[in-house]
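Worksheet: the structure to be examined is printed underneath.
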Amino acid sequence: MIRKTRLFTPGPTPLLPAAQFAMAAADIHHRTAEFRALYQRVLDQLKTFVGTKNDVLLLASSGTGAMEASVSNLTSPGDRVLVLSTGKFGERWTAITKAFGCEVDVVSAPYGQTFSLDEVRKALKPETRAVFLQATESSTGVRNDVQGVAELLKKANSNALLVVDAITGLGTTHFDVDAWGVDVIIGGSQKAVMIPPGLAYLSVSDRAWEAMETSRNPRYYFDLRKERKNAHKGESSYTPAVSLIAGLGAALDFIAAQGGGDLAAGRKALVDNAETCAAMTRAAVEALGLKLFAPVSPAAAATAVLPPAGVDSGVIVKELKSRFGAVITNGQGEMKGQIFRVAHIGLFDYMDTIAIIGALEQVAASPLKIPGFQFGHALAAAQKVFAETGSSAKKETAEPVGAR
Ligand SMILES: *Cc1c(COP(=O)(O)O)cnc(C)c1O
């Protein structure tokens, strides 16, 4: 049969056709009124998408650039910081904070699990300058309790800044950034907003701006105060990723359309969509007799699954790609061969979800030959979840590329 290539990866995620058209048409110079209008509009939309009144800035980098910016702008050498690590991206916080000379305390959970708030309470010190964590740890499929950590910091009267890598959390998790007191929350273009890699965005609280007055780590390209000053004039400090910004505007319009023109409602619909795709997938893999890698606190961004005993997960990744054109991801680092991950972040719908589950059934039948396997069990489990939770109709469809 024909195989269409489809991404089921937690970044880059499938591209929104309307954003692809907008990118192709973005032949704009960045020091013009035309660009300033676009930039201002996209920054305003991003605020609503993030759900904050704080400043939101855009950087021409992958998500890690904004992670580094939050460390270099908010800390000084010798500062004590706390990293809550639940996987490969948590380990990245540790590496970055160490690279900038911080004294790093780490609370780490075994892969597939999250930390307890009790462990966080014990590790927090009066002098802790900032707490870094992931909202969803894409390497393990775990969701961490951002709200719980935020409340804990308030109750403890801590001065620590709360910095959240929500690069796969935004668009898959409900946040109340300002009410919870999240100081920095970070997103990336190749995740929920359905455009290619190359842009990072982050919101910055008043408390974080104040902290920057006294922080002494070096920074140049990622100087957030300079970036804010320019953003207020509708410009970026250096040449912006113009076409990606045009694509982002189109994507945020699409997300707004999911909420009947209201971007906050559209964001909620996008999160609910990811939750439904994830719940369908979890039910399906369990019906296949496979085990979830993160059963206790699963993220809606991606579902991580253990292969049958004795099977390298790479076999499943390869089968899905070679027979069905479906690109899923293997485990990262030491988890390679141990798990496979199916993403739900961004432009995934009912049809995609049913399709990947159908293809997984084929792989389960052969070559896996899972004991007791029968066609239709996984699909039936997913159908049931959809019928019970996810059947609310979408208001707008994403036109396929060839449809115009
Ligand atoms: C994708 C991702 C990142 C950013 O990685 P980049 O390759 O720099 O874009 C960071 N954290 C999480 C949780 C991610 O999923």
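Chain labels run A, B, ... following the order of the structure tokens; each chain numbers its residues from 1, and ligands are numbered from 1 in the order shown.
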
Within 9 Å of ligand 1, counting only C-alpha atoms and all ligand atoms, which protein or nucleic acid residues do you find, written as a VMD selection string? chain A and resid 10 to 12 61 to 67 87 to 90 92 134 to 139 165 to 169 186 to 191 197 to 200 301

Can you spit out the residues from that selection as a PDB file, in the first residue's frame, using C-alpha atoms?
```pdb
ATOM      1  CA  PRO A  10       6.829  15.096  20.439  1.00  0.00           C
ATOM      2  CA  GLY A  11       8.654  17.781  18.463  1.00  0.00           C
ATOM      3  CA  PRO A  12       8.920  18.510  15.658  1.00  0.00           C
ATOM      4  CA  SER A  61      16.452  29.561  18.885  1.00  0.00           C
ATOM      5  CA  SER A  62      15.180  26.121  19.733  1.00  0.00           C
ATOM      6  CA  GLY A  63      13.577  25.675  23.139  1.00  0.00           C
ATOM      7  CA  THR A  64      16.890  25.152  24.885  1.00  0.00           C
ATOM      8  CA  GLY A  65      17.858  28.740  24.022  1.00  0.00           C
ATOM      9  CA  ALA A  66      15.056  30.019  26.250  1.00  0.00           C
ATOM     10  CA  MET A  67      16.083  27.544  28.967  1.00  0.00           C
ATOM     11  CA  GLY A  87      14.215  12.709  32.836  1.00  0.00           C
ATOM     12  CA  LYS A  88      16.521  13.867  30.060  1.00  0.00           C
ATOM     13  CA  PHE A  89      15.151  17.417  29.959  1.00  0.00           C
ATOM     14  CA  GLY A  90      15.412  17.753  33.739  1.00  0.00           C
ATOM     15  CA  ARG A  92      19.408  19.524  30.885  1.00  0.00           C
ATOM     16  CA  GLN A 134       9.547  20.526  33.376  1.00  0.00           C
ATOM     17  CA  ALA A 135       5.754  20.692  33.204  1.00  0.00           C
ATOM     18  CA  THR A 136       5.832  17.553  31.104  1.00  0.00           C
ATOM     19  CA  GLU A 137       9.012  15.509  30.748  1.00  0.00           C
ATOM     20  CA  SER A 138       8.929  14.496  27.098  1.00  0.00           C
ATOM     21  CA  SER A 139      11.629  11.836  27.467  1.00  0.00           C
ATOM     22  CA  ASP A 165      10.052  24.319  30.904  1.00  0.00           C
ATOM     23  CA  ALA A 166       6.602  23.880  29.391  1.00  0.00           C
ATOM     24  CA  ILE A 167       7.992  23.263  25.923  1.00  0.00           C
ATOM     25  CA  THR A 168       5.677  20.261  25.652  1.00  0.00           C
ATOM     26  CA  GLY A 169       3.493  21.405  28.560  1.00  0.00           C
ATOM     27  CA  ILE A 186       8.915  28.460  28.260  1.00  0.00           C
ATOM     28  CA  GLY A 187       7.495  27.154  24.981  1.00  0.00           C
ATOM     29  CA  GLY A 188       8.956  26.098  21.637  1.00  0.00           C
ATOM     30  CA  SER A 189       7.685  26.477  18.082  1.00  0.00           C
ATOM     31  CA  GLN A 190       8.032  22.826  17.033  1.00  0.00           C
ATOM     32  CA  LYS A 191       5.620  21.569  19.671  1.00  0.00           C
ATOM     33  CA  PRO A 197      11.648  24.330  14.983  1.00  0.00           C
ATOM     34  CA  GLY A 198      13.507  27.619  15.399  1.00  0.00           C
ATOM     35  CA  LEU A 199      11.518  29.785  17.795  1.00  0.00           C
ATOM     36  CA  ALA A 200      11.353  29.756  21.574  1.00  0.00           C
ATOM     37  CA  ALA A 301       1.990  15.517  25.385  1.00  0.00           C
TER      38      ALA A 301
END
```

Determine which residues of region 239-316 of chain A DSSP labels as strand (DSSP E) from the backbone of this structure, then write them out as a list of chain:residue names.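 Reading the DSSP output for region 239-316 of chain A, strand (DSSP E) covers A:Lys291, A:Leu292, A:Ala302, A:Thr303, A:Ala304, A:Val305, A:Leu306.
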
Here is a test: counting only C-alpha atoms, which residue of A:Asp223, A:Glu151, A:Asp312, A:Glu210 is nearest to Leu58 (chain A)?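 For Leu58 (chain A), the nearest of the candidates is A:Asp223.
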
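Within the 10 Å cut-off around Asp178 (chain A), using only C-alpha atoms and omitting residues fewer than 2 positions from it on the same chain, the listed residues are Gly51, Thr52, Lys53, Asn54, Phe175, Asp176, Trp180, Gly181, Val182, Asp183 and Ser205 of chain A.
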
Residues within 6 Å of Arg341 (chain A), only C-alpha atoms, excluding chain neighbours under 4 positions, as a list in words: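 Contacts, in chain order: Thr303, Ala304 and Thr329 of chain A.
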
Quick one: pick out all alpha helix (DSSP H) residues within region 280-393 of chain A from a backbone DSSP run and write them as a ChimeraX atom specification. /A:280-287,313-324,350-363,377-385

Between A:Asp105, A:Glu119, A:Glu235, A:Asp44, which is the closest to Leu263 (chain A) once you count only C-alpha atoms? A:Asp44

Among the residues A:Ala382, A:Leu347, A:Ile354, A:Leu360, the one that comes closest to Met280 (chain A) [using only C-alpha atoms]: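 Checking each of A:Ala382, A:Leu347, A:Ile354, A:Leu360 against Met280 (chain A), counting only C-alpha atoms, the winner is A:Ala382.
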
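Taking only C-alpha atoms, the non-local environment of Phe8 (chain A) within 6 Å (same-chain residues fewer than 2 positions away omitted) comprises Val327, Ile328, Val342 and Ala343 of chain A.
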
Nearest to Gly171 (chain A) among A:Leu84, A:Ala192, A:Leu133, A:Ile245, with distances taken over only C-alpha atoms: which residue is it?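 With only C-alpha atoms as the atom set, the closest residue is A:Ala192.
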
Selection near Leu15 (chain A), 9 Å with only C-alpha atoms, sequence-local residues under 5 positions removed, as a VMD selection string: chain A and resid 20 190 193 to 196 346 to 347

Convert the current residue selection to file output with C-alpha atoms, as a PDB file, in the first residue's frame.
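Final file, part.pdb:
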```
ATOM      1  CA  GLN A  20       3.113  26.599   5.939  1.00  0.00           C
ATOM      2  CA  GLN A 190       8.032  22.826  17.033  1.00  0.00           C
ATOM      3  CA  VAL A 193       1.984  25.556  17.917  1.00  0.00           C
ATOM      4  CA  MET A 194       2.401  23.313  14.872  1.00  0.00           C
ATOM      5  CA  ILE A 195       5.236  25.127  13.087  1.00  0.00           C
ATOM      6  CA  PRO A 196       8.858  24.094  12.396  1.00  0.00           C
ATOM      7  CA  GLY A 346      -0.383  19.947  18.504  1.00  0.00           C
ATOM      8  CA  LEU A 347      -2.114  18.911  15.307  1.00  0.00           C
TER       9      LEU A 347
END
```
